[in-house]
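Novice: Please read through the structure below; I'll follow up with questions.
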Amino acid sequence: MANIKSQIKRNRQNEVRRLRNKSVRAELRTRTKTALRAAEDGTEAAEQALRLAIKRIDKAASNGVIHKNQAARRKSRLMRRIGELATEG
């Protein structure tokens, strides 16, 4: 445990941020899976689920939870997978 007052505060802040980032990352995975599942089923909500997933990815990148290049990669892979599902079915 740190003895320096500023480091104690920094540790406290880091823990709060870690938990916030953890929940954001979990939501990203959930939104991505939901969008893929909706595209597989071919429901009307597929387009809306995709838009929401991309919105959450962009928001996570703008808040610094993930890097902007990682956000671009995730969106690209998501769009490619959904495109492949659309051509199959």
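As shown in the structure tokens, the chain order sets the letters A, B, ...; within each chain, residues go from 1, and ligands are also counted from 1 in the order they appear.
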May I have the residues within 9 Å of Ala86 in chain A as number ranges by chain, using only C-alpha atoms and disregarding those fewer than 6 positions away in the same chain?
Specialist: A: 39-40, 42
Novice: I need the residues from that last selection saved to file as a PDB file, in the first residue's frame (with C-alpha atoms), if you can.
Specialist:
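For reference, selection.pdb as written:
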```pdb
ATOM      1  CA  ALA A  39     -28.278 -10.438 -38.591  1.00  0.00           C
ATOM      2  CA  GLU A  40     -28.205 -14.256 -38.492  1.00  0.00           C
ATOM      3  CA  GLY A  42     -32.685 -11.747 -40.326  1.00  0.00           C
TER       4      GLY A  42
END
```
Novice: Give me the residues within 10 Å of range 58-67 of chain A as a ChimeraX atom specification, counting only C-alpha atoms and dropping any in the same chain fewer than 2 places off.
Specialist: /A:17-18,20-22,24-25,27-28,52-56,69-75
Novice: With only C-alpha atoms as the basis for distance, which of A:Asn3, A:Ile82, A:Thr87, A:Ile8 is at the shortest distance from Thr34 in chain A?
Specialist: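 The answer is A:Ile82, which sits nearest to Thr34 in chain A.
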Novice: Please provide the set of residues having any atom within 9 Å of Leu78 in chain A, restricted to only C-alpha atoms, with same-chain residues fewer than 6 positions apart removed, written as a PyMOL selection string.
Specialist: chain A and resi 32+35-36+50+54
Novice: Just write the chosen residues, C-alpha atoms, as a PDB file, in the first residue's frame.
Specialist:
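The new file result24.pdb reads:
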```pdb
ATOM      1  CA  THR A  32     -21.688  -6.868 -30.985  1.00  0.00           C
ATOM      2  CA  ALA A  35     -26.040  -7.338 -33.755  1.00  0.00           C
ATOM      3  CA  LEU A  36     -24.578 -10.574 -35.121  1.00  0.00           C
ATOM      4  CA  LEU A  50     -25.816  -2.812 -35.824  1.00  0.00           C
ATOM      5  CA  ILE A  54     -21.231   0.943 -33.882  1.00  0.00           C
TER       6      ILE A  54
END
```
Novice: If you run DSSP on this backbone, which residues of chain A come out as alpha helix (DSSP H), and could you give them as an MDAnalysis selection string?
Specialist: chainID A and resid 5:41 46:62 68:88
Novice: Show which residues sit within 12 Å of Ala2 in chain A, as JSON, numbers by chain. Count only C-alpha atoms, and ignore same-chain residues fewer than 6 positions away.
Specialist: {"A": [8, 9, 10, 11, 12]}
